[in-house]
Every structure is written in C-alpha cells, then in structure tokens.
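Have a look at the structure below before the remarks.
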Amino acid sequence: MTEQHALIEAAIHRYLLLFEFENTSSTLRDIAMALDDLVRVYFDTPDVEPDTIDGPAAPQFDEAGFGQNAARFFERDDVIWLIDPEGGPDQKAMCTFATSELAEIAADLNKVLWLFENGSAADAIWEFRFGYQAHWGEHLHRVRHYLHGLSAW
C-alpha cells in the first residue's frame, strides 16, 4: 500500500464512520472537517492513469441507508436551494437535501474503497480523483457551503 493509497482510505473511512448507526457522538462540525479532509487529500493526490478501461464493476451501495443515518444530524429540513450561476434570470430554482448530498458522496467513496480491495490502486485513485472532478466533489461543495451556513464549526 502506497502512502497516497493510505491517505485516501483514511480520509474516506473518517467520512463514512460518521454515518455508522452506532456513532452517536459526531456533530455537523465533524462532517465539515471530514469533507474538508477529503478535499485536502484530493489536492494532495497526483493524477494517475487507470490500469484498466473497463475494470471490475463495483456493486451499488445503499444511498438511502446513508441518507437515513445522516438525517440524525439535522434538526430541521435540510433543503439546499440551487441556482445555476450561468442559468440566467428566468431560471427556476431547484433544491436538494443535505442528507441526499452526503449519501451520494458516501456511495461514490465506497466505490473507491471497493476498487482498492477488488481492483488496482491506480484504478481506485483515478476513480477518487475523477469522482471529485465529475460528481461527488460537486455534492461535497454544495453541502459544505450549507454546513457553513449552519455554523458547523
């Protein structure tokens, strides 16, 4: 296991541990710190090429379960309103839920862990970096902004 592999796995495990049913002592501040750590690890991870184009397919992970476990962190509706900064003045506002955002991140990060265990380290690192750029990073920054508004520090 390389140092970068270990750093990625540690950051992912810190994040996922927050949503374990038995973990009742974590706070919104802990979520914010775990999200910040994932961003830091992403930026400290050099780009790699995957070993395979169509590597092993990870199983689907239970986003609903992560969302249900994340709901305990919020005392009120966790609606995040979305406006596209390039959408123009006539666009309609859309919304998502902080619990859904957190769950999507968890599902994507589980795929990275699965690739570390069942694929190659290069494939897992590539998935971690690509996922941040194309999917879970967007969810992360959305929910991180929301947590900042809730004074999660």
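Ligands are numbered from 1 in the order shown, chains are lettered A, B, ... in the order of the structure tokens, and residues start at 1 in each chain.
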Within 6 Å of segment 120-134 of chain A, which residues of segment 29-63 of chain A show up? Give each one with its shortest atom-to-atom distance in Å (one decimal) and the two atoms involved, counting only C-alpha atoms, rows by chain then rising residue number, as JSON lines.
{"residue": "A:Val48", "atom": "CA", "partner": "A:Trp126", "partner_atom": "CA", "distance": 5.9}
{"residue": "A:Pro50", "atom": "CA", "partner": "A:Asp123", "partner_atom": "CA", "distance": 4.5}
{"residue": "A:Asp51", "atom": "CA", "partner": "A:Asp123", "partner_atom": "CA", "distance": 5.8}
Using only C-alpha atoms, find each residue of segment 26-122 of chain A with at least one atom at most 7 Å away from an atom of segment 140-153 of chain A; report its shortest atom-to-atom pair and that distance in Å (one decimal), sort the rows by chain and rising residue number, and return the result as a tab-separated table.
residue	atom	partner	partner_atom	distance
A:Leu28	CA	A:Ala152	CA	5.4
A:Arg29	CA	A:Ala152	CA	4.6
A:Ala32	CA	A:Arg144	CA	6.3
A:Leu35	CA	A:Leu140	CA	6.7
A:Ile80	CA	A:Tyr146	CA	6.9
A:Ala98	CA	A:Val143	CA	5.7
A:Glu101	CA	A:Val143	CA	6.4
A:Ile105	CA	A:Leu140	CA	6.9
Dump N, CA and C atoms for the selected residues as a CSV table (one decimal), in the first residue's frame?
chain,number,residue,atom,x,y,z
A,28,LEU,N,-22.2,18.1,13.3
A,28,LEU,CA,-22.1,18.7,11.9
A,28,LEU,C,-20.7,19.2,11.7
A,29,ARG,N,-20.0,19.7,12.8
A,29,ARG,CA,-18.6,20.1,12.7
A,29,ARG,C,-17.8,18.9,12.2
A,32,ALA,N,-18.2,18.6,8.6
A,32,ALA,CA,-17.5,19.6,7.8
A,32,ALA,C,-16.0,19.3,7.8
A,35,LEU,N,-15.3,16.4,5.4
A,35,LEU,CA,-15.4,16.9,4.0
A,35,LEU,C,-14.1,17.7,3.6
A,80,ILE,N,-31.4,22.4,0.4
A,80,ILE,CA,-30.4,23.2,-0.1
A,80,ILE,C,-30.9,23.7,-1.5
A,98,ALA,N,-29.5,18.0,2.1
A,98,ALA,CA,-28.2,17.8,2.6
A,98,ALA,C,-28.0,16.3,2.8
A,101,GLU,N,-27.1,14.7,-0.5
A,101,GLU,CA,-25.8,15.1,-0.9
A,101,GLU,C,-24.8,14.2,-0.2
A,105,ILE,N,-22.2,11.3,-1.8
A,105,ILE,CA,-20.7,11.3,-1.6
A,105,ILE,C,-20.3,9.9,-1.0
- [ ] Taking the chain letters and numbering used in this document, name the residues of chain A that DSSP puts in alpha helix (DSSP H), as a PyMOL selection string.
- [x] chain A and resi 3-17+28-44+63-70+98-118+121-134+136-149
Open item on the list: Set the distance at 7 Å and use only C-alpha atoms: which residues neighbour Glu63 of chain A once local chain neighbours fewer than 5 positions away are removed? I'd like the list as a PyMOL selection string.
Closed with: chain A and resi 103-104+107
Output N, CA and C atoms for every residue in that selection, as a compact mmCIF listing (two decimals), in the first residue's frame.
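File written: selection-v7.txt
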# COMPACT_ATOMS: atom_id res chain seq x y z
N ALA A 103 -25.21 11.36 1.20
CA ALA A 103 -25.36 9.97 0.79
C ALA A 103 -24.70 9.71 -0.56
N GLU A 104 -24.83 10.63 -1.49
CA GLU A 104 -24.20 10.46 -2.81
C GLU A 104 -22.68 10.40 -2.68
N ALA A 107 -21.73 6.96 -1.25
CA ALA A 107 -21.82 5.88 -2.24
C ALA A 107 -20.62 5.91 -3.19
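Between atom CA of Leu17 of chain A and atom CA of Thr2 of chain A lies a distance of 22.2 Å.
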Open item on the list: Residues within 10 Å of Ile12 of chain A, please, as a PyMOL selection string. Count only C-alpha atoms; anything in the same chain fewer than 5 positions from it doesn't count.
Closed with: chain A and resi 6-7+17+34-35+37-38+41+105-106+109-110+112-113+128
Selected residues written out, C-alpha atoms, as a short mmCIF file (atom, residue, chain, number, x, y, z; two decimals), in the first residue's frame:
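See again_17.cif below for the written result:
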data_model
loop_
_atom_site.label_atom_id
_atom_site.label_comp_id
_atom_site.auth_asym_id
_atom_site.auth_seq_id
_atom_site.Cartn_x
_atom_site.Cartn_y
_atom_site.Cartn_z
CA ALA A 6 -3.36 5.00 2.79
CA LEU A 7 -4.23 8.72 2.95
CA LEU A 17 -17.62 6.41 10.07
CA ALA A 34 -14.26 15.20 7.18
CA LEU A 35 -15.39 16.91 3.97
CA ASP A 37 -10.12 16.46 4.72
CA LEU A 38 -11.41 14.75 1.57
CA VAL A 41 -6.45 14.63 0.17
CA ILE A 105 -20.71 11.25 -1.58
CA ALA A 106 -20.72 8.14 0.61
CA LEU A 109 -16.42 6.88 -1.90
CA ASN A 110 -17.49 3.31 -1.17
CA VAL A 112 -13.24 3.85 -4.36
CA LEU A 113 -12.75 1.58 -1.34
CA PHE A 128 -11.26 9.06 -6.42
#
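Considering the residues A:Ile8, A:Phe61, A:Phe97, A:Phe43 and counting only C-alpha atoms, Phe74 of chain A has its shortest atom-to-atom contact with A:Phe97.
Between Pro46 of chain A and the residues A:His5, A:Gly119, A:Pro89, A:Trp114, the shortest atom-to-atom distance, using only C-alpha atoms, involves A:His5.
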Task: Who sits within 10 Å of segment 19-27 of chain A, only C-alpha atoms, same chain under 3 positions skipped, as a PyMOL selection string - done: chain A and resi 14-16+30-33+65-74+102-103+106+152-153
